[in-house]
file structure38.txt (compact mmCIF, C-alpha atoms and all ligand atoms)
# COMPACT_ATOMS: atom_id res chain seq x y z
CA MET F 1 -160.69 -10.42 38.99
CA GLN F 2 -162.65 -12.46 36.46
CA ILE F 3 -161.43 -15.99 35.81
CA THR F 4 -162.78 -18.25 33.08
CA ILE F 5 -162.50 -22.00 33.61
CA VAL F 6 -163.07 -24.13 30.51
CA TYR F 7 -163.12 -27.88 30.99
CA GLY F 8 -163.76 -31.03 28.98
CA SER F 9 -165.04 -34.08 30.81
CA SER F 10 -166.38 -37.39 29.47
CA ALA F 11 -167.39 -39.14 32.68
CA GLY F 12 -167.58 -36.19 35.09
CA ALA F 13 -164.24 -36.37 36.94
CA THR F 14 -162.73 -33.29 35.31
CA GLN F 15 -165.99 -31.41 35.79
CA ASN F 16 -165.84 -32.18 39.53
CA VAL F 17 -162.29 -30.89 39.76
CA ALA F 18 -163.25 -27.77 37.78
CA GLU F 19 -166.04 -27.14 40.30
CA GLN F 20 -163.65 -27.55 43.23
CA ILE F 21 -161.17 -25.12 41.65
CA ALA F 22 -164.04 -22.65 41.15
CA GLU F 23 -165.03 -23.02 44.79
CA ASN F 24 -161.45 -22.45 45.99
CA LEU F 25 -161.27 -19.30 43.87
CA SER F 26 -164.71 -18.04 44.84
CA SER F 27 -163.40 -14.67 46.00
CA HIS F 28 -163.09 -13.95 42.26
CA GLU F 29 -165.77 -13.76 39.61
CA ILE F 30 -165.70 -17.22 38.04
CA LYS F 31 -167.13 -18.31 34.69
CA LEU F 32 -167.30 -22.10 34.53
CA ILE F 33 -167.78 -23.41 30.99
CA ASP F 34 -168.03 -26.93 29.60
CA VAL F 35 -165.95 -26.84 26.39
CA SER F 36 -168.74 -28.70 24.54
CA ARG F 37 -170.78 -25.48 24.96
CA ALA F 38 -167.91 -22.97 24.70
CA LYS F 39 -167.74 -20.25 22.07
CA ILE F 40 -164.46 -18.85 20.77
CA GLU F 41 -165.46 -15.47 22.28
CA ASP F 42 -165.59 -17.00 25.76
CA LEU F 43 -161.86 -17.58 25.51
CA GLN F 44 -161.06 -14.47 23.48
CA GLU F 45 -162.67 -12.18 26.04
CA ALA F 46 -160.97 -13.78 29.06
CA GLN F 47 -157.92 -12.24 30.70
CA ILE F 48 -157.30 -15.21 32.98
CA LEU F 49 -158.06 -18.69 31.72
CA ILE F 50 -157.89 -22.08 33.40
CA LEU F 51 -158.12 -24.94 30.90
CA GLY F 52 -158.84 -28.46 32.13
CA THR F 53 -158.97 -31.78 30.32
CA SER F 54 -158.83 -35.49 30.92
CA THR F 55 -156.92 -37.88 28.65
CA TRP F 56 -158.62 -40.57 26.58
CA GLY F 57 -157.65 -43.21 24.02
CA ASP F 58 -153.91 -43.60 24.19
CA GLY F 59 -152.74 -40.13 25.14
CA ASP F 60 -155.52 -38.22 23.36
CA LEU F 61 -157.34 -35.05 24.32
CA GLN F 62 -160.80 -35.50 25.80
CA ASP F 63 -163.34 -35.66 22.92
CA ASP F 64 -165.03 -32.27 23.36
CA TRP F 65 -161.65 -30.56 23.65
CA ASP F 66 -160.54 -32.42 20.55
CA ASP F 67 -163.54 -30.98 18.67
CA PHE F 68 -162.84 -27.45 19.97
CA SER F 69 -159.07 -27.41 19.80
CA SER F 70 -158.71 -26.09 16.23
CA ASN F 71 -160.37 -22.88 17.53
CA LEU F 72 -157.36 -22.29 19.74
CA ASP F 73 -155.33 -21.43 16.63
CA SER F 74 -157.38 -18.29 16.03
CA ILE F 75 -157.08 -16.91 19.56
CA ASP F 76 -154.41 -14.38 20.55
CA PHE F 77 -153.16 -15.57 23.92
CA SER F 78 -150.37 -13.03 24.26
CA ASP F 79 -152.39 -10.78 26.60
CA LYS F 80 -153.69 -13.64 28.74
CA LYS F 81 -152.61 -15.57 31.77
CA VAL F 82 -153.37 -19.26 31.24
CA ALA F 83 -153.23 -22.19 33.67
CA PHE F 84 -153.87 -25.88 33.04
CA PHE F 85 -155.19 -28.84 34.92
CA GLY F 86 -155.42 -32.42 33.77
CA LEU F 87 -156.88 -35.72 34.90
CA GLY F 88 -155.39 -39.08 34.11
CA ASP F 89 -154.78 -42.61 35.31
CA GLN F 90 -151.09 -43.21 36.03
CA GLU F 91 -151.49 -46.96 36.59
CA SER F 92 -153.39 -48.03 33.49
CA TYR F 93 -151.85 -45.36 31.24
CA TYR F 94 -148.32 -45.25 32.61
CA ASP F 95 -146.75 -43.90 29.41
CA THR F 96 -149.43 -41.44 28.33
CA PHE F 97 -150.21 -40.08 31.75
CA ALA F 98 -152.21 -36.83 31.58
CA ASP F 99 -150.99 -36.30 28.00
CA GLY F 100 -154.16 -34.32 27.24
CA MET F 101 -153.00 -31.48 29.47
CA GLY F 102 -149.66 -31.56 27.68
CA ILE F 103 -151.39 -31.28 24.31
CA LEU F 104 -153.36 -28.20 25.43
CA TYR F 105 -150.22 -26.70 26.94
CA GLU F 106 -148.22 -27.21 23.73
CA LYS F 107 -150.90 -25.50 21.63
CA VAL F 108 -151.47 -22.54 23.93
CA SER F 109 -147.88 -21.87 24.95
CA GLN F 110 -146.91 -21.72 21.28
CA LYS F 111 -149.43 -18.91 20.92
CA GLY F 112 -147.56 -16.71 23.39
CA ALA F 113 -149.66 -17.18 26.52
CA ASN F 114 -148.28 -16.14 29.88
CA ILE F 115 -148.44 -19.54 31.62
CA ILE F 116 -149.26 -19.59 35.31
CA GLY F 117 -149.79 -22.49 37.75
CA ASN F 118 -146.96 -24.44 36.13
CA GLY F 119 -143.75 -25.90 37.56
CA VAL F 120 -145.71 -28.42 39.62
CA ASN F 121 -143.72 -31.11 41.42
CA GLY F 122 -144.26 -34.71 40.27
CA ASP F 123 -143.60 -36.19 43.70
CA GLY F 124 -146.22 -38.74 44.73
CA PHE F 125 -146.94 -39.82 41.16
CA ASP F 126 -145.57 -42.98 39.56
CA PHE F 127 -145.64 -42.72 35.77
CA GLY F 128 -143.31 -43.52 32.88
CA SER F 129 -143.98 -40.73 30.45
CA SER F 130 -146.23 -37.68 30.15
CA ARG F 131 -146.49 -34.84 27.65
CA ALA F 132 -147.61 -32.76 30.61
CA PHE F 133 -144.21 -33.20 32.30
CA VAL F 134 -141.74 -30.67 30.90
CA ASP F 135 -138.23 -30.07 32.23
CA GLY F 136 -138.94 -32.23 35.28
CA LYS F 137 -142.18 -30.50 36.29
CA PHE F 138 -145.85 -30.72 35.42
CA VAL F 139 -147.13 -27.80 33.37
CA GLY F 140 -150.17 -27.56 35.65
CA LEU F 141 -152.23 -29.35 38.25
CA VAL F 142 -152.50 -33.12 37.77
CA VAL F 143 -155.22 -35.12 39.49
CA ASP F 144 -155.59 -38.90 39.40
CA GLU F 145 -159.09 -39.71 40.58
CA ASP F 146 -158.73 -43.33 39.50
CA ASN F 147 -155.88 -44.19 41.88
CA GLN F 148 -155.27 -41.31 44.27
CA SER F 149 -158.62 -39.66 44.91
CA ASN F 150 -157.63 -39.33 48.58
CA LEU F 151 -154.94 -36.82 47.54
CA SER F 152 -157.09 -34.74 45.20
CA ALA F 153 -158.50 -32.16 47.62
CA THR F 154 -155.02 -31.30 48.94
CA ARG F 155 -153.52 -31.16 45.45
CA ILE F 156 -156.32 -28.88 44.27
CA SER F 157 -156.11 -26.55 47.23
CA GLU F 158 -152.31 -26.24 47.13
CA TRP F 159 -152.45 -25.52 43.43
CA THR F 160 -155.17 -22.89 43.72
CA LYS F 161 -153.05 -21.15 46.36
CA LEU F 162 -150.11 -21.14 43.94
CA LEU F 163 -152.41 -19.72 41.30
CA GLU F 164 -153.71 -16.97 43.60
CA SER F 165 -150.14 -15.82 44.14
CA GLN F 166 -149.66 -15.47 40.37
CA LEU F 167 -152.88 -13.68 39.40
C1 LIG F 201 -160.68 -45.78 27.45
C2 LIG F 201 -159.89 -44.89 28.37
C3 LIG F 201 -158.69 -44.35 27.93
C4 LIG F 201 -157.90 -43.55 28.79
N1 LIG F 201 -156.67 -43.09 28.36
C5 LIG F 201 -155.88 -42.42 29.24
C6 LIG F 201 -154.56 -42.02 28.88
O1 LIG F 201 -154.06 -42.27 27.76
N2 LIG F 201 -153.81 -41.36 29.80
C7 LIG F 201 -154.29 -41.07 31.05
O2 LIG F 201 -153.57 -40.49 31.85
N3 LIG F 201 -155.55 -41.44 31.42
C8 LIG F 201 -156.35 -42.10 30.55
N4 LIG F 201 -157.61 -42.48 30.93
C9 LIG F 201 -158.11 -42.12 32.28
C10 LIG F 201 -159.01 -40.88 32.30
O3 LIG F 201 -158.34 -39.74 31.83
C11 LIG F 201 -159.48 -40.65 33.74
O4 LIG F 201 -160.31 -41.71 34.13
C12 LIG F 201 -160.18 -39.32 33.97
O5 LIG F 201 -160.40 -39.16 35.36
C13 LIG F 201 -161.49 -39.20 33.23
O6 LIG F 201 -161.96 -37.89 33.41
P1 LIG F 201 -163.35 -37.39 32.78
O7 LIG F 201 -164.43 -38.20 33.43
O8 LIG F 201 -163.46 -35.97 33.19
O9 LIG F 201 -163.28 -37.53 31.31
C14 LIG F 201 -158.38 -43.26 30.10
C15 LIG F 201 -159.62 -43.80 30.50
C16 LIG F 201 -160.34 -44.62 29.68
C17 LIG F 201 -161.65 -45.20 30.20
call {"tool": "encode", "arguments": {"input": "structure38.txt", "output": "structure tokens"}}
result
Amino acid sequence: MQITIVYGSSAGATQNVAEQIAENLSSHEIKLIDVSRAKIEDLQEAQILILGTSTWGDGDLQDDWDDFSSNLDSIDFSDKKVAFFGLGDQESYYDTFADGMGILYEKVSQKGANIIGNGVNGDGFDFGSSRAFVDGKFVGLVVDEDNQSNLSATRISEWTKLLESQL
């Protein structure tokens, strides 16, 4: 199965997580693409997409994703399985925690995507508000490298197992 991972990363943390996800899914053919270099066709041609972003400003999408995001409107997601992962800092940004992932989720789910890798438990996180937290669950994998980097490898591997079961 071919899986396309598209990530946006300003300081490298999201890129590292994208690489770990790719490694965990290495039994599949993986395309790993930095969104700053992505073309619309990269997403259009994909059957299975994993979209990853960090959050910047006060609950904003990572800059390169922000530049690319208007392209999402012209993509038909109805034949695709799409999963999300997001990085954030729950201590310093308690009320906008991982909002970037929520923003991507809102855009793509409105376009009819078949969402996978969602329904993720928020246990172990301490945050006030997050656009990525819908009906009591995260819409994808959340990683906090700023405060809980010791938990990241386990979170990533559990999530990729969940994903495998939904491919
Ligand atoms: C100026 C600034 C603003 C940030 N704003 C948020 C935010 O609103 N919500 C959040 O969860 N994290 C926020 N973060 C934390 C980043 O999302 C986090 O450090 C992430 O790991 C960065 O990933 P990247 O290096 O891939 O861009 C912010 C960080 C900085 C430095």
call {"tool": "atom_distance", "arguments": {"input": "structure38.txt", "atom1": "atom CA of F:Ser78", "atom2": "atom CA of F:Ile156"}}
result
26.2 Å
call {"tool": "closest_residue", "arguments": {"input": "structure38.txt", "among": "F:Asp89, F:Glu145, F:Trp65, F:Ile5", "to": "F:Glu23", "atoms": "all atoms listed in the file"}}
result
F:Ile5
call {"tool": "atom_distance", "arguments": {"input": "structure38.txt", "atom1": "atom CA of F:Phe133", "atom2": "atom CA of F:Ser157"}}
result
20.2 Å
call {"tool": "residues_around", "arguments": {"input": "structure38.txt", "residues": "F:Val82", "least_positions_apart": "3", "cutoff": "12 Å", "atoms": "all atoms listed in the file", "output": "MDAnalysis selection string"}}
result
chainID F and resid 3:6 43:44 46:52 76:79 85 104:105 107:109 111:118 139:140 163 166:167
call {"tool": "residues_near_ligand", "arguments": {"input": "structure38.txt", "ligand": "ligand LIG 201 (chain F)", "cutoff": "7 Å", "atoms": "all atoms listed in the file", "output": "count of residues only"}}
result
29
call {"tool": "axis_aligned_box", "arguments": {"input": "structure38.txt", "around": "stretch 129-138 of chain F", "padding_each_side": "4 Å", "output": "AutoDock Vina command-line options"}}
result
--center_x -142.9 --center_y -35.4 --center_z 32.0 --size_x 17.4 --size_y 18.7 --size_z 16.6
call {"tool": "atom_distance", "arguments": {"input": "structure38.txt", "atom1": "atom CA of F:Ala83", "atom2": "atom CA of F:Leu141"}}
result
8.6 Å
call {"tool": "closest_residue", "arguments": {"input": "structure38.txt", "among": "F:Asp126, F:Leu32, F:Asp67, F:Gly102", "to": "F:Gln20", "atoms": "all atoms listed in the file"}}
result
F:Leu32
call {"tool": "closest_residue", "arguments": {"input": "structure38.txt", "among": "F:Ile40, F:Val17, F:Leu25, F:Ile103", "to": "F:Lys161", "atoms": "only C-alpha atoms"}}
result
F:Leu25
call {"tool": "closest_residue", "arguments": {"input": "structure38.txt", "among": "F:Ser165, F:Asn16, F:Glu29, F:Ala22", "to": "F:Met1", "atoms": "all atoms listed in the file"}}
result
F:Glu29
call {"tool": "closest_residue", "arguments": {"input": "structure38.txt", "among": "F:Ser92, F:Lys39, F:Asn24, F:Asn71", "to": "F:Asn147", "atoms": "all atoms listed in the file"}}
result
F:Ser92
call {"tool": "closest_residue", "arguments": {"input": "structure38.txt", "among": "F:Glu91, F:Leu61, F:Glu19, F:Tyr7", "to": "F:Asp34", "atoms": "all atoms listed in the file"}}
result
F:Tyr7
call {"tool": "build_atoms", "arguments": {"input": "structure38.txt", "residues": "stretch 64-77 of chain F", "atoms": "N, CA and C atoms", "output": "short mmCIF file (atom, residue, chain, number, x, y, z; two decimals), keeping the file's coordinate frame"}}
result
data_model
loop_
_atom_site.label_atom_id
_atom_site.label_comp_id
_atom_site.auth_asym_id
_atom_site.auth_seq_id
_atom_site.Cartn_x
_atom_site.Cartn_y
_atom_site.Cartn_z
N ASP F 64 -164.47 -33.62 23.62
CA ASP F 64 -165.03 -32.27 23.36
C ASP F 64 -163.92 -31.25 23.16
N TRP F 65 -162.81 -31.44 23.87
CA TRP F 65 -161.65 -30.56 23.65
C TRP F 65 -161.06 -30.81 22.26
N ASP F 66 -161.07 -32.09 21.87
CA ASP F 66 -160.54 -32.42 20.55
C ASP F 66 -161.35 -31.69 19.47
N ASP F 67 -162.68 -31.67 19.65
CA ASP F 67 -163.54 -30.98 18.67
C ASP F 67 -163.27 -29.47 18.67
N PHE F 68 -162.99 -28.91 19.85
CA PHE F 68 -162.84 -27.45 19.97
C PHE F 68 -161.44 -26.96 19.63
N SER F 69 -160.46 -27.87 19.72
CA SER F 69 -159.07 -27.41 19.80
C SER F 69 -158.58 -26.62 18.57
N SER F 70 -159.17 -26.87 17.39
CA SER F 70 -158.71 -26.09 16.23
C SER F 70 -159.02 -24.60 16.41
N ASN F 71 -160.05 -24.29 17.24
CA ASN F 71 -160.37 -22.88 17.53
C ASN F 71 -159.25 -22.16 18.26
N LEU F 72 -158.43 -22.93 18.96
CA LEU F 72 -157.36 -22.29 19.74
C LEU F 72 -156.39 -21.56 18.82
N ASP F 73 -156.28 -22.04 17.57
CA ASP F 73 -155.33 -21.43 16.63
C ASP F 73 -155.70 -19.99 16.31
N SER F 74 -156.98 -19.64 16.43
CA SER F 74 -157.38 -18.29 16.03
C SER F 74 -157.46 -17.33 17.22
N ILE F 75 -157.01 -17.77 18.37
CA ILE F 75 -157.08 -16.91 19.56
C ILE F 75 -155.69 -16.33 19.86
N ASP F 76 -155.67 -15.02 20.14
CA ASP F 76 -154.41 -14.38 20.55
C ASP F 76 -154.28 -14.53 22.06
N PHE F 77 -153.33 -15.32 22.49
CA PHE F 77 -153.16 -15.57 23.92
C PHE F 77 -152.13 -14.64 24.55
#
